[in-house]
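Structure file coords.txt with compact mmCIF, C-alpha atoms and all ligand atoms:
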```txt
# COMPACT_ATOMS: atom_id res chain seq x y z
CA MET A 1 -2.22 20.94 82.24
CA ILE A 2 -6.00 20.97 82.60
CA THR A 3 -7.09 18.55 85.30
CA LYS A 4 -10.50 17.15 86.21
CA GLN A 5 -12.73 19.20 88.48
CA LYS A 6 -12.83 18.67 92.24
CA GLY A 7 -15.32 15.95 93.17
CA THR A 8 -15.44 14.44 89.67
CA TYR A 9 -13.72 11.32 88.36
CA ASP A 10 -12.91 9.42 85.17
CA ILE A 11 -14.21 5.89 84.83
CA PHE A 12 -12.04 3.51 82.84
CA GLY A 13 -10.25 0.14 82.88
CA GLU A 14 -11.17 -2.26 85.68
CA GLU A 15 -13.52 0.28 87.30
CA ALA A 16 -15.51 0.50 84.04
CA LYS A 17 -15.75 -3.31 83.92
CA LYS A 18 -16.93 -3.48 87.53
CA ARG A 19 -19.64 -0.96 86.74
CA ALA A 20 -20.75 -2.94 83.70
CA TYR A 21 -21.10 -5.99 85.97
CA VAL A 22 -23.11 -4.04 88.59
CA ASP A 23 -25.30 -2.44 85.87
CA GLU A 24 -26.13 -5.85 84.46
CA ILE A 25 -27.23 -7.16 87.88
CA LEU A 26 -29.30 -4.09 88.64
CA SER A 27 -31.08 -3.87 85.30
CA THR A 28 -31.85 -7.60 85.28
CA LEU A 29 -33.32 -7.23 88.77
CA CYS A 30 -35.43 -4.20 87.73
CA ALA A 31 -36.82 -6.19 84.81
CA LYS A 32 -37.98 -8.87 87.30
CA TYR A 33 -40.04 -6.18 89.08
CA ASN A 34 -41.32 -4.95 85.70
CA TYR A 35 -39.58 -1.56 85.87
CA GLY A 36 -38.67 0.05 82.51
CA TYR A 37 -35.53 2.13 81.94
CA ILE A 38 -35.73 5.91 81.82
CA GLU A 39 -33.12 8.60 81.25
CA THR A 40 -33.88 12.28 81.80
CA PRO A 41 -31.89 15.36 80.71
CA VAL A 42 -28.82 16.39 82.71
CA PHE A 43 -30.21 19.91 83.10
CA GLU A 44 -33.74 21.07 83.82
CA ALA A 45 -35.48 24.32 84.71
CA SER A 46 -34.15 25.35 88.16
CA GLU A 47 -37.69 25.71 89.41
CA LEU A 48 -38.23 21.95 89.09
CA PHE A 49 -35.69 21.11 91.77
CA HIS A 50 -36.10 24.25 93.86
CA ARG A 51 -39.85 23.74 94.17
CA GLY A 52 -39.79 19.92 94.05
CA VAL A 53 -37.02 19.20 96.53
CA GLY A 54 -37.84 22.25 98.65
CA GLU A 55 -36.35 25.75 98.91
CA ALA A 56 -35.43 25.18 102.57
CA THR A 57 -33.48 21.95 102.02
CA ASP A 58 -29.68 21.78 102.30
CA MET A 59 -29.64 20.59 98.71
CA VAL A 60 -31.32 23.66 97.27
CA GLN A 61 -29.73 26.09 99.73
CA LYS A 62 -26.15 24.94 99.28
CA GLU A 63 -25.67 22.20 96.73
CA THR A 64 -27.42 22.75 93.41
CA TYR A 65 -25.42 23.71 90.34
CA ASP A 66 -27.56 26.61 89.17
CA PHE A 67 -26.65 28.61 86.09
CA LYS A 68 -28.06 30.78 83.34
CA ASP A 69 -27.69 29.65 79.74
CA ARG A 70 -27.02 32.00 76.83
CA GLY A 71 -30.77 32.48 76.42
CA ASP A 72 -31.01 33.76 80.01
CA ARG A 73 -32.88 30.65 81.25
CA ASN A 74 -32.41 29.56 84.88
CA LEU A 75 -31.17 25.99 84.73
CA THR A 76 -29.92 23.43 87.24
CA LEU A 77 -27.80 20.31 86.79
CA ARG A 78 -29.85 17.35 87.98
CA PRO A 79 -29.05 16.84 91.72
CA GLU A 80 -31.42 13.84 92.06
CA GLY A 81 -33.76 11.83 89.84
CA THR A 82 -37.17 11.97 91.50
CA ALA A 83 -38.19 15.51 90.52
CA SER A 84 -37.03 14.88 86.93
CA VAL A 85 -39.07 11.68 86.69
CA VAL A 86 -42.12 13.47 88.09
CA ARG A 87 -41.65 16.18 85.42
CA TRP A 88 -41.57 13.41 82.77
CA PHE A 89 -44.69 11.81 84.28
CA LEU A 90 -46.53 15.14 84.18
CA GLU A 91 -45.34 16.20 80.76
CA ASN A 92 -46.59 12.93 79.26
CA LYS A 93 -49.87 13.16 81.19
CA PHE A 94 -49.56 9.57 82.43
CA TYR A 95 -51.82 10.54 85.34
CA GLY A 96 -54.77 10.58 82.93
CA ASN A 97 -54.54 6.88 82.16
CA LEU A 98 -53.34 5.15 85.30
CA THR A 99 -54.86 1.72 84.78
CA ASP A 100 -51.61 0.12 85.93
CA PRO A 101 -48.82 1.61 88.04
CA ILE A 102 -46.08 3.44 86.11
CA LYS A 103 -42.71 1.97 87.14
CA VAL A 104 -39.36 3.28 85.92
CA PHE A 105 -35.72 2.94 86.91
CA TYR A 106 -32.66 5.04 86.09
CA ASN A 107 -28.91 4.94 86.31
CA MET A 108 -27.82 8.54 85.98
CA LYS A 109 -25.12 11.01 86.92
CA MET A 110 -26.16 13.58 89.54
CA TYR A 111 -24.53 16.88 90.50
CA ARG A 112 -24.29 18.42 93.97
CA TYR A 113 -21.87 21.08 95.14
CA GLU A 114 -20.69 19.28 98.27
CA ARG A 115 -17.37 19.05 100.09
CA PRO A 116 -15.78 16.04 98.37
CA GLN A 117 -14.56 13.15 100.54
CA SER A 118 -14.63 9.38 100.31
CA GLY A 119 -18.10 8.43 99.04
CA ARG A 120 -19.15 12.06 98.60
CA ASN A 121 -18.58 13.60 95.19
CA ARG A 122 -19.84 16.51 93.14
CA GLU A 123 -20.59 14.27 90.17
CA PHE A 124 -21.92 10.89 91.26
CA THR A 125 -24.23 8.17 90.01
CA GLN A 126 -27.56 7.10 91.39
CA TRP A 127 -29.38 3.93 90.41
CA GLY A 128 -32.95 4.65 91.39
CA PHE A 129 -36.53 3.75 90.68
CA GLU A 130 -39.92 5.38 91.03
CA CYS A 131 -43.43 3.94 91.06
CA PHE A 132 -46.55 6.05 90.45
CA GLY A 133 -50.18 5.24 91.09
CA CYS A 134 -50.09 2.96 94.16
CA ASP A 135 -50.94 4.11 97.63
CA ASP A 136 -50.77 0.86 99.50
CA ALA A 137 -48.31 -0.45 102.08
CA ARG A 138 -47.75 -3.35 99.66
CA SER A 139 -46.20 -0.99 97.12
CA ASP A 140 -43.96 0.43 99.89
CA ALA A 141 -42.92 -3.14 100.69
CA GLU A 142 -42.24 -3.91 97.01
CA VAL A 143 -39.97 -0.86 96.72
CA ILE A 144 -38.08 -1.79 99.89
CA SER A 145 -37.77 -5.37 98.66
CA LEU A 146 -36.30 -4.23 95.33
CA ALA A 147 -33.72 -2.07 97.13
CA TYR A 148 -32.94 -4.85 99.62
CA ASN A 149 -32.51 -7.51 96.93
CA ALA A 150 -30.24 -5.22 94.89
CA TYR A 151 -27.69 -4.93 97.72
CA ARG A 152 -27.90 -8.63 98.45
CA LEU A 153 -27.36 -9.60 94.81
CA LEU A 154 -24.31 -7.32 94.84
CA GLY A 155 -22.90 -9.34 97.73
CA LEU A 156 -23.67 -6.82 100.51
CA ASP A 157 -25.58 -9.14 102.82
CA ASP A 158 -24.94 -7.15 106.00
CA ILE A 159 -26.97 -4.09 105.06
CA THR A 160 -29.69 -2.81 107.38
CA ILE A 161 -32.83 -1.13 106.14
CA LYS A 162 -33.79 1.63 108.55
CA ILE A 163 -37.41 2.64 108.21
CA ASN A 164 -39.59 5.31 109.71
CA SER A 165 -42.88 7.03 108.98
CA LEU A 166 -43.47 10.77 108.78
CA GLY A 167 -47.18 10.11 108.41
CA ASP A 168 -49.54 12.12 106.26
CA LYS A 169 -49.48 15.92 105.97
CA GLU A 170 -51.40 16.40 109.21
CA SER A 171 -49.19 14.02 111.23
CA ARG A 172 -46.04 15.54 109.78
CA GLU A 173 -47.19 19.06 110.62
CA ASN A 174 -48.12 18.07 114.20
CA TYR A 175 -44.75 16.45 114.62
CA ARG A 176 -42.89 19.44 113.24
CA ASN A 177 -44.62 21.76 115.70
CA ALA A 178 -43.89 19.47 118.63
CA LEU A 179 -40.25 19.20 117.61
CA VAL A 180 -39.86 22.96 117.27
CA ASP A 181 -41.42 23.48 120.74
CA TYR A 182 -39.12 20.85 122.21
CA LEU A 183 -35.94 22.17 120.57
CA LYS A 184 -36.55 25.89 121.17
CA PRO A 185 -35.03 26.06 124.70
CA HIS A 186 -32.04 23.89 123.69
CA ILE A 187 -31.16 25.37 120.36
CA SER A 188 -28.07 27.30 121.52
CA GLU A 189 -26.55 23.99 122.72
CA LEU A 190 -26.61 22.50 119.21
CA CYS A 191 -24.07 22.90 116.40
CA GLU A 192 -24.10 25.89 114.07
CA ASP A 193 -25.65 23.90 111.20
CA CYS A 194 -28.48 22.74 113.46
CA GLN A 195 -29.17 26.30 114.56
CA GLU A 196 -29.60 27.19 110.91
CA ARG A 197 -31.73 24.08 110.29
CA PHE A 198 -33.98 25.01 113.19
CA GLN A 199 -35.21 27.99 111.22
CA LYS A 200 -35.55 26.32 107.85
CA ASN A 201 -35.83 22.56 108.19
CA PRO A 202 -36.03 21.43 111.86
CA LEU A 203 -36.56 17.73 111.03
CA ARG A 204 -33.04 17.63 109.63
CA ILE A 205 -31.63 18.28 113.12
CA LEU A 206 -32.50 14.68 113.95
CA ASP A 207 -30.00 13.20 111.54
CA CYS A 208 -27.19 15.69 112.23
CA LYS A 209 -23.89 13.81 112.36
CA VAL A 210 -22.37 16.25 114.89
CA ASP A 211 -25.15 16.23 117.48
CA SER A 212 -26.37 12.65 116.99
CA GLU A 213 -25.09 11.47 120.40
CA SER A 214 -26.39 14.44 122.40
CA ASP A 215 -29.20 13.83 124.91
CA ILE A 216 -31.18 16.62 123.28
CA ILE A 217 -31.46 14.62 120.08
CA LYS A 218 -31.85 11.28 121.85
CA ASN A 219 -34.80 12.57 123.90
CA ALA A 220 -36.48 14.42 121.06
CA PRO A 221 -40.12 13.57 120.29
CA LYS A 222 -40.53 10.65 117.88
CA THR A 223 -42.40 10.85 114.58
CA LEU A 224 -44.19 7.58 115.25
CA ASP A 225 -45.87 9.06 118.35
CA PHE A 226 -47.48 11.72 116.18
CA LEU A 227 -49.01 9.50 113.49
CA ASN A 228 -52.75 9.71 113.17
CA GLU A 229 -54.74 6.47 113.08
CA GLU A 230 -54.62 5.98 109.30
CA SER A 231 -50.88 6.68 109.10
CA LYS A 232 -50.19 4.36 112.01
CA GLU A 233 -52.19 1.48 110.50
CA ARG A 234 -50.38 1.90 107.22
CA PHE A 235 -46.96 1.78 108.91
CA ASP A 236 -47.89 -1.25 111.04
CA HIS A 237 -49.06 -3.03 107.90
CA LEU A 238 -45.74 -2.25 106.19
CA CYS A 239 -43.79 -3.71 109.12
CA GLU A 240 -45.94 -6.87 108.99
CA LEU A 241 -45.28 -7.20 105.26
CA LEU A 242 -41.53 -6.77 105.72
CA ASP A 243 -41.57 -9.47 108.41
CA LEU A 244 -43.51 -11.73 106.07
CA MET A 245 -41.05 -11.09 103.23
CA GLU A 246 -38.13 -11.77 105.62
CA ILE A 247 -36.57 -8.39 104.97
CA ASN A 248 -34.08 -7.35 107.62
CA TYR A 249 -35.18 -3.91 108.87
CA GLU A 250 -34.99 -1.68 111.90
CA VAL A 251 -37.42 1.05 112.88
CA ASP A 252 -35.38 4.23 113.43
CA CYS A 253 -37.21 7.43 114.27
CA LYS A 254 -34.15 9.50 113.36
CA ILE A 255 -34.62 8.73 109.66
CA VAL A 256 -36.42 11.82 108.37
CA ARG A 257 -34.64 12.29 104.98
CA GLY A 258 -33.26 15.56 103.72
CA LEU A 259 -35.72 16.35 100.97
CA ASP A 260 -39.07 18.03 101.57
CA TYR A 261 -41.30 15.84 99.45
CA TYR A 262 -41.63 12.76 101.67
CA ASN A 263 -44.62 11.60 103.65
CA HIS A 264 -45.53 8.27 105.25
CA MET A 265 -42.79 5.66 104.83
CA VAL A 266 -39.13 6.75 104.54
CA PHE A 267 -36.12 4.45 104.56
CA GLU A 268 -32.36 4.36 104.29
CA VAL A 269 -29.91 1.57 103.61
CA VAL A 270 -26.83 1.53 105.83
CA LEU A 271 -23.85 -0.74 106.26
CA ASP A 272 -21.97 -0.91 109.58
CA ASP A 273 -23.82 2.23 110.70
CA SER A 274 -21.76 4.39 108.35
CA TYR A 275 -23.13 6.78 105.69
CA ALA A 276 -26.26 5.89 103.76
CA LEU A 277 -25.79 3.64 100.75
CA GLY A 278 -29.22 4.68 99.54
CA GLY A 279 -32.49 6.24 100.56
CA GLY A 280 -36.07 6.64 99.52
CA GLY A 281 -39.67 6.74 100.57
CA ARG A 282 -43.19 7.75 99.69
CA TYR A 283 -43.88 11.18 98.20
CA ASN A 284 -47.61 11.41 97.62
CA GLY A 285 -47.58 15.22 97.41
CA LEU A 286 -44.84 15.84 94.85
CA VAL A 287 -46.85 15.40 91.64
CA GLU A 288 -49.30 17.97 92.98
CA THR A 289 -46.52 20.36 94.12
CA LEU A 290 -45.24 20.29 90.55
CA GLY A 291 -48.61 21.12 89.07
CA GLY A 292 -50.35 17.77 88.52
CA PRO A 293 -53.29 16.03 90.14
CA SER A 294 -52.77 14.33 93.50
CA THR A 295 -50.94 11.08 92.66
CA PRO A 296 -49.40 8.59 95.07
CA ALA A 297 -45.77 7.74 94.41
CA VAL A 298 -42.88 5.95 96.05
CA GLY A 299 -39.24 5.34 95.14
CA PHE A 300 -35.63 4.85 96.09
CA ALA A 301 -32.12 5.79 94.94
CA MET A 302 -28.91 3.87 95.56
CA GLY A 303 -25.69 5.82 95.88
CA TYR A 304 -23.97 3.79 93.19
CA ASP A 305 -20.41 4.97 93.90
CA ARG A 306 -20.78 4.44 97.65
CA THR A 307 -22.14 0.97 97.01
CA LEU A 308 -19.11 0.11 94.84
CA LEU A 309 -16.83 1.40 97.62
CA ALA A 310 -18.68 -0.74 100.15
CA MET A 311 -18.28 -3.80 97.89
CA GLN A 312 -14.56 -3.11 97.79
CA GLU A 313 -14.34 -2.67 101.56
CA LYS A 314 -16.23 -5.94 102.09
CA ASN A 315 -13.98 -7.71 99.57
CA VAL A 316 -16.90 -8.70 97.36
CA ARG A 317 -15.36 -10.52 94.41
CA ILE A 318 -16.47 -9.05 91.10
CA PRO A 319 -15.92 -11.55 88.30
CA ILE A 320 -14.12 -9.59 85.60
CA ASP A 321 -12.91 -11.43 82.52
CA ASP A 322 -9.93 -9.37 81.45
CA SER A 323 -8.55 -11.95 79.02
CA ILE A 324 -9.06 -11.97 75.26
CA ASP A 325 -10.03 -15.02 73.18
CA LEU A 326 -7.46 -14.87 70.43
CA TYR A 327 -4.36 -12.93 69.36
CA LEU A 328 -3.44 -12.99 65.67
CA LEU A 329 0.34 -12.53 65.20
CA SER A 330 1.60 -11.40 61.81
CA VAL A 331 4.72 -10.03 60.11
CA SER A 332 4.36 -9.84 56.29
CA ASP A 333 1.85 -7.59 54.54
CA THR A 334 -0.34 -10.55 53.44
CA GLU A 335 -0.28 -11.93 56.97
CA LYS A 336 -1.31 -8.53 58.36
CA ASP A 337 -4.11 -8.12 55.82
CA THR A 338 -5.36 -11.63 56.60
CA ALA A 339 -5.25 -10.76 60.33
CA ALA A 340 -7.49 -7.75 59.62
CA TYR A 341 -9.92 -9.89 57.62
CA LEU A 342 -9.99 -12.76 60.13
CA ALA A 343 -10.40 -10.40 63.10
CA GLN A 344 -13.40 -8.82 61.38
CA GLU A 345 -15.02 -12.24 60.82
CA LEU A 346 -14.29 -13.52 64.31
CA ARG A 347 -15.40 -10.37 66.13
CA LEU A 348 -18.69 -10.49 64.23
CA ASN A 349 -19.05 -14.04 65.49
CA GLY A 350 -18.66 -12.89 69.08
CA PHE A 351 -14.97 -13.49 69.84
CA VAL A 352 -12.62 -11.01 71.49
CA VAL A 353 -9.72 -10.69 69.07
CA GLU A 354 -6.55 -8.59 68.97
CA THR A 355 -4.06 -8.04 66.15
CA ASP A 356 -0.77 -6.17 65.89
CA LEU A 357 -1.42 -2.63 64.66
CA LEU A 358 2.08 -1.35 65.43
CA ASN A 359 4.23 -3.36 62.98
CA ARG A 360 6.18 -4.86 65.83
CA SER A 361 8.49 -7.86 65.89
CA LEU A 362 7.03 -11.29 66.65
CA LYS A 363 8.85 -11.16 69.99
CA SER A 364 6.99 -7.98 71.02
CA GLN A 365 3.70 -9.43 69.78
CA PHE A 366 4.23 -12.51 71.99
CA LYS A 367 4.59 -10.14 74.94
CA SER A 368 1.17 -8.65 74.06
CA VAL A 369 -0.27 -12.18 73.95
CA ASP A 370 0.73 -12.56 77.60
CA ARG A 371 -0.33 -9.06 78.66
CA TYR A 372 -3.78 -9.59 77.14
CA LYS A 373 -3.97 -13.11 78.66
CA ALA A 374 -5.02 -14.48 75.25
CA LYS A 375 -6.65 -17.90 75.49
CA PHE A 376 -5.59 -18.83 71.93
CA LEU A 377 -3.07 -17.48 69.46
CA ILE A 378 -2.31 -17.93 65.79
CA VAL A 379 1.03 -17.04 64.24
CA LEU A 380 -0.17 -16.30 60.72
CA ASN A 381 2.17 -17.64 58.13
CA ASP A 382 2.19 -17.05 54.34
CA ASP A 383 2.77 -20.75 53.55
CA ASP A 384 -0.20 -21.86 55.69
CA LEU A 385 -2.38 -19.09 54.28
CA ALA A 386 -1.66 -20.25 50.73
CA LYS A 387 -3.30 -23.55 51.78
CA ASN A 388 -6.12 -21.72 53.61
CA GLU A 389 -4.91 -23.10 56.90
CA VAL A 390 -3.85 -21.75 60.29
CA VAL A 391 -2.13 -23.27 63.31
CA LEU A 392 -4.13 -22.48 66.40
CA LYS A 393 -2.31 -22.71 69.72
CA ASP A 394 -4.00 -23.11 73.09
CA ASN A 395 -2.03 -20.69 75.25
CA LYS A 396 -2.66 -22.67 78.42
CA THR A 397 -1.98 -26.27 77.37
CA LYS A 398 0.43 -25.11 74.60
CA GLU A 399 -1.20 -27.71 72.30
CA GLU A 400 -1.34 -26.84 68.60
CA GLU A 401 -3.96 -27.77 66.05
CA ARG A 402 -3.77 -27.25 62.28
CA ILE A 403 -7.21 -26.32 60.98
CA LYS A 404 -8.85 -24.92 57.83
CA MET A 405 -9.51 -21.19 58.07
CA ASN A 406 -13.20 -21.82 57.32
CA ASP A 407 -13.45 -24.08 60.38
CA LEU A 408 -12.00 -21.51 62.78
CA VAL A 409 -15.31 -20.12 64.05
CA ASP A 410 -16.73 -23.60 64.78
CA TYR A 411 -13.51 -24.70 66.43
CA LEU A 412 -13.36 -21.66 68.72
CA ASP A 413 -17.06 -22.00 69.49
CA MET A 414 -16.44 -25.51 70.73
CA HIS A 415 -13.34 -24.70 72.73
CA LEU A 416 -14.18 -21.36 74.38
P1 LIG B 501 -30.73 11.15 98.61
O1 LIG B 501 -30.75 10.57 100.00
O2 LIG B 501 -30.45 12.59 98.49
O3 LIG B 501 -32.15 10.79 97.98
O4 LIG B 501 -29.69 10.36 97.73
C1 LIG B 501 -29.75 8.95 97.62
C2 LIG B 501 -28.36 8.37 97.78
O5 LIG B 501 -27.45 8.96 96.85
C3 LIG B 501 -27.72 8.63 99.15
O6 LIG B 501 -28.16 7.71 100.11
C4 LIG B 501 -26.24 8.46 98.83
O7 LIG B 501 -25.89 7.08 98.89
C5 LIG B 501 -26.14 8.94 97.40
N1 LIG B 501 -25.54 10.28 97.38
C6 LIG B 501 -26.12 11.45 97.71
N2 LIG B 501 -25.25 12.47 97.57
C7 LIG B 501 -24.09 11.94 97.16
C8 LIG B 501 -22.79 12.47 96.84
N3 LIG B 501 -22.54 13.77 96.91
N4 LIG B 501 -21.81 11.62 96.46
C9 LIG B 501 -22.06 10.29 96.38
N5 LIG B 501 -23.26 9.73 96.66
C10 LIG B 501 -24.25 10.53 97.05
C11 LIG B 501 -32.52 11.16 96.72
O8 LIG B 501 -31.78 11.63 95.91
C12 LIG B 501 -33.95 10.79 96.40
N6 LIG B 501 -34.24 11.29 95.05
C13 LIG B 501 -34.17 9.30 96.51
C14 LIG B 501 -35.56 8.89 96.16
C15 LIG B 501 -35.97 8.32 95.01
N7 LIG B 501 -36.63 9.07 96.92
C16 LIG B 501 -37.71 8.63 96.28
N8 LIG B 501 -37.30 8.18 95.11
```
What would the structure in this file look like if it were written as structure tokens?
Ligand code: HAM
Amino acid sequence: MITKQKGTYDIFGEEAKKRAYVDEILSTLCAKYNYGYIETPVFEASELFHRGVGEATDMVQKETYDFKDRGDRNLTLRPEGTASVVRWFLENKFYGNLTDPIKVFYNMKMYRYERPQSGRNREFTQWGFECFGCDDARSDAEVISLAYNAYRLLGLDDITIKINSLGDKESRENYRNALVDYLKPHISELCEDCQERFQKNPLRILDCKVDSESDIIKNAPKTLDFLNEESKERFDHLCELLDLMEINYEVDCKIVRGLDYYNHMVFEVVLDDSYALGGGGRYNGLVETLGGPSTPAVGFAMGYDRTLLAMQEKNVRIPIDDSIDLYLLSVSDTEKDTAAYLAQELRLNGFVVETDLLNRSLKSQFKSVDRYKAKFLIVLNDDDLAKNEVVLKDNKTKEEERIKMNDLVDYLDMHL
């Protein structure tokens, strides 16, 4: 038997319905913030992610699905959405006509070669959004507010937004140097991963899960102490705005994010201090890194699967209607043909209708009525059909009503 690949999953049944519910909430919310939907290809030129996300990042070093196609092109399965959206922004030359910000959101599968465990998969979904053209703390606040409201509308009221600032290029560079100087004498005391990170991506040492409680990490220099005046003012303004908007946040200097493209504000969404349910921040340099003109940008991505798990753990009730409106029972050929015709009419009019497609006995069909939790049922009957009538039964009250077939749609409209 061929089974699904490690770290991938099938989505069906109740899980599919839950996702449809979550999708509806998230896309309605995005529309309120005037974000339009975007979908980018599953694979892109490898260079896009390698250069965009950063050669030294864990993602590019260890996690990307890189392959050559039959035309010898170097391709990568999309590990995240930001670089792809920037490629779209550049390819369509939106930078040339930025009279208003460009705001887009996505709900896409991502691929990372990671060790699968609860909430960590190789194929997973991110709901994310990106905004180009604004370089103001107010646009940072709007992005954080959209992320915050999404979790709250999904019933996760206890989330904390952890924010930090890496500052502009100069502040970030000063901080990196200070951190490297500070860590150098202690590096042999840290875990193997951190020793590797020290060479390639020292900021990542700060959010190492293994060493997080060590004094070395606790006493490390803090990004906020290295912000230059402009970066500091910008961050202070953001905090004031978040207070004003009554958004629950915490400043946490350990939030540095794993991808290279961030500057200024970065943030993560956590629940009960466990893994991140989402993360984002400002990336003013990425458009330029990928070959465009300097363009400010900011965004966020929710780990969709982790968020669903968190909803389950917090017993958030997802209203799923798993009942059908009407079951049409039939035995004779004319009854079955009429069931097909009526089902067609009723489905077009918006009702959820089932018929017997297996030529089963009435007794078995009644069992389906219960399994499908049908709200109404009709036992089609040749004598009634000759008079253009049906007997509609309310499956809850067990009351029956004889009605003309032509009146069925109006009747169901009134009673459902
Ligand atoms: P990221 O932190 O790499 O950021 O991913 C965002 C979220 O995706 C994480 O917080 C996590 O919830 C979820 N996630 C990541 N990897 C996995 C996995 N293997 N399995 C399940 N969930 C996972 C980005 O991807 C940035 N592009 C976010 C962004 C958008 N920044 C600016 N705009």
Query raised in the report: So which residues touch A:Gln344 within 12 Å, counting all atoms listed in the file, skipping near sequence neighbours fewer than 5 positions away, as a ChimeraX atom specification?
Result: /A:328,337-339,349-355,409
For the selection you just gave me, I'd like the residues written to a file as an mmCIF file, in the frame of the given file, keeping C-alpha atoms.
```cif
data_model
loop_
_atom_site.group_PDB
_atom_site.id
_atom_site.type_symbol
_atom_site.label_atom_id
_atom_site.label_comp_id
_atom_site.auth_asym_id
_atom_site.auth_seq_id
_atom_site.Cartn_x
_atom_site.Cartn_y
_atom_site.Cartn_z
ATOM 1 C CA LEU A 328 -3.440 -12.990 65.670
ATOM 2 C CA ASP A 337 -4.110 -8.120 55.820
ATOM 3 C CA THR A 338 -5.360 -11.630 56.600
ATOM 4 C CA ALA A 339 -5.250 -10.760 60.330
ATOM 5 C CA ASN A 349 -19.050 -14.040 65.490
ATOM 6 C CA GLY A 350 -18.660 -12.890 69.080
ATOM 7 C CA PHE A 351 -14.970 -13.490 69.840
ATOM 8 C CA VAL A 352 -12.620 -11.010 71.490
ATOM 9 C CA VAL A 353 -9.720 -10.690 69.070
ATOM 10 C CA GLU A 354 -6.550 -8.590 68.970
ATOM 11 C CA THR A 355 -4.060 -8.040 66.150
ATOM 12 C CA VAL A 409 -15.310 -20.120 64.050
#
```
Requested in this report: Please provide the set of residues having any atom within 6 Å of A:Gly278, restricted to all atoms listed in the file, with same-chain residues fewer than 6 positions apart removed, written as a PyMOL selection string.
Outcome: chain A and resi 268-269+301-303
Grab the residues selected above and save them as a short mmCIF file (atom, residue, chain, number, x, y, z; two decimals), keeping the file's coordinate frame with C-alpha atoms.
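Contents of the output file result12.cif:
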```
data_model
loop_
_atom_site.label_atom_id
_atom_site.label_comp_id
_atom_site.auth_asym_id
_atom_site.auth_seq_id
_atom_site.Cartn_x
_atom_site.Cartn_y
_atom_site.Cartn_z
CA GLU A 268 -32.36 4.36 104.29
CA VAL A 269 -29.91 1.57 103.61
CA ALA A 301 -32.12 5.79 94.94
CA MET A 302 -28.91 3.87 95.56
CA GLY A 303 -25.69 5.82 95.88
#
```
Query raised in the report: Residues within 6 Å of ligand LIG 501 (chain B) (all atoms listed in the file), as a ChimeraX atom specification?
Result: /A:80-82,112,114,119-122,124,126,128,130,276-281,298-303,306
Write the residues of the preceding selection, restricted to C-alpha atoms, as a PDB file, in the coordinates of the input.
```pdb
ATOM      1  CA  GLU A  80     -31.420  13.840  92.060  1.00  0.00           C
ATOM      2  CA  GLY A  81     -33.760  11.830  89.840  1.00  0.00           C
ATOM      3  CA  THR A  82     -37.170  11.970  91.500  1.00  0.00           C
ATOM      4  CA  ARG A 112     -24.290  18.420  93.970  1.00  0.00           C
ATOM      5  CA  GLU A 114     -20.690  19.280  98.270  1.00  0.00           C
ATOM      6  CA  GLY A 119     -18.100   8.430  99.040  1.00  0.00           C
ATOM      7  CA  ARG A 120     -19.150  12.060  98.600  1.00  0.00           C
ATOM      8  CA  ASN A 121     -18.580  13.600  95.190  1.00  0.00           C
ATOM      9  CA  ARG A 122     -19.840  16.510  93.140  1.00  0.00           C
ATOM     10  CA  PHE A 124     -21.920  10.890  91.260  1.00  0.00           C
ATOM     11  CA  GLN A 126     -27.560   7.100  91.390  1.00  0.00           C
ATOM     12  CA  GLY A 128     -32.950   4.650  91.390  1.00  0.00           C
ATOM     13  CA  GLU A 130     -39.920   5.380  91.030  1.00  0.00           C
ATOM     14  CA  ALA A 276     -26.260   5.890 103.760  1.00  0.00           C
ATOM     15  CA  LEU A 277     -25.790   3.640 100.750  1.00  0.00           C
ATOM     16  CA  GLY A 278     -29.220   4.680  99.540  1.00  0.00           C
ATOM     17  CA  GLY A 279     -32.490   6.240 100.560  1.00  0.00           C
ATOM     18  CA  GLY A 280     -36.070   6.640  99.520  1.00  0.00           C
ATOM     19  CA  GLY A 281     -39.670   6.740 100.570  1.00  0.00           C
ATOM     20  CA  VAL A 298     -42.880   5.950  96.050  1.00  0.00           C
ATOM     21  CA  GLY A 299     -39.240   5.340  95.140  1.00  0.00           C
ATOM     22  CA  PHE A 300     -35.630   4.850  96.090  1.00  0.00           C
ATOM     23  CA  ALA A 301     -32.120   5.790  94.940  1.00  0.00           C
ATOM     24  CA  MET A 302     -28.910   3.870  95.560  1.00  0.00           C
ATOM     25  CA  GLY A 303     -25.690   5.820  95.880  1.00  0.00           C
ATOM     26  CA  ARG A 306     -20.780   4.440  97.650  1.00  0.00           C
TER      27      ARG A 306
END
```
Requested in this report: Have a look at A:Leu241, A:Ile2, A:Ala147, A:Val266 and name the one nearest to A:Asn284; count all atoms listed in the file.
Outcome: A:Val266
Query raised in the report: Any idea what's packed within 12 Å of A:Met265, counting all atoms listed in the file, ignoring anything in its chain fewer than 3 positions away? Could you give it as a ChimeraX atom specification?
Result: /A:135-141,143-144,162-168,172,223-224,227,231-239,251-253,255-257,261-262,268,279-284,297-300
Using all atoms listed in the file, what does the table of stretch 258-344 of chain A residues within 9 Å of stretch 10-23 of chain A look like, with each row giving the shortest atom pair and its distance in Å to one decimal, sorted by chain and ascending number, as a Markdown table?
```
| residue | atom | partner | partner_atom | distance |
| --- | --- | --- | --- | --- |
| A:Leu308 | CA | A:Arg19 | CA | 8.2 |
| A:Ile318 | CA | A:Lys18 | CA | 6.6 |
| A:Pro319 | CA | A:Tyr21 | CA | 7.9 |
| A:Ile320 | CA | A:Lys17 | CA | 6.7 |
| A:Asp321 | CA | A:Lys17 | CA | 8.7 |
| A:Asp322 | CA | A:Glu14 | CA | 8.4 |
```
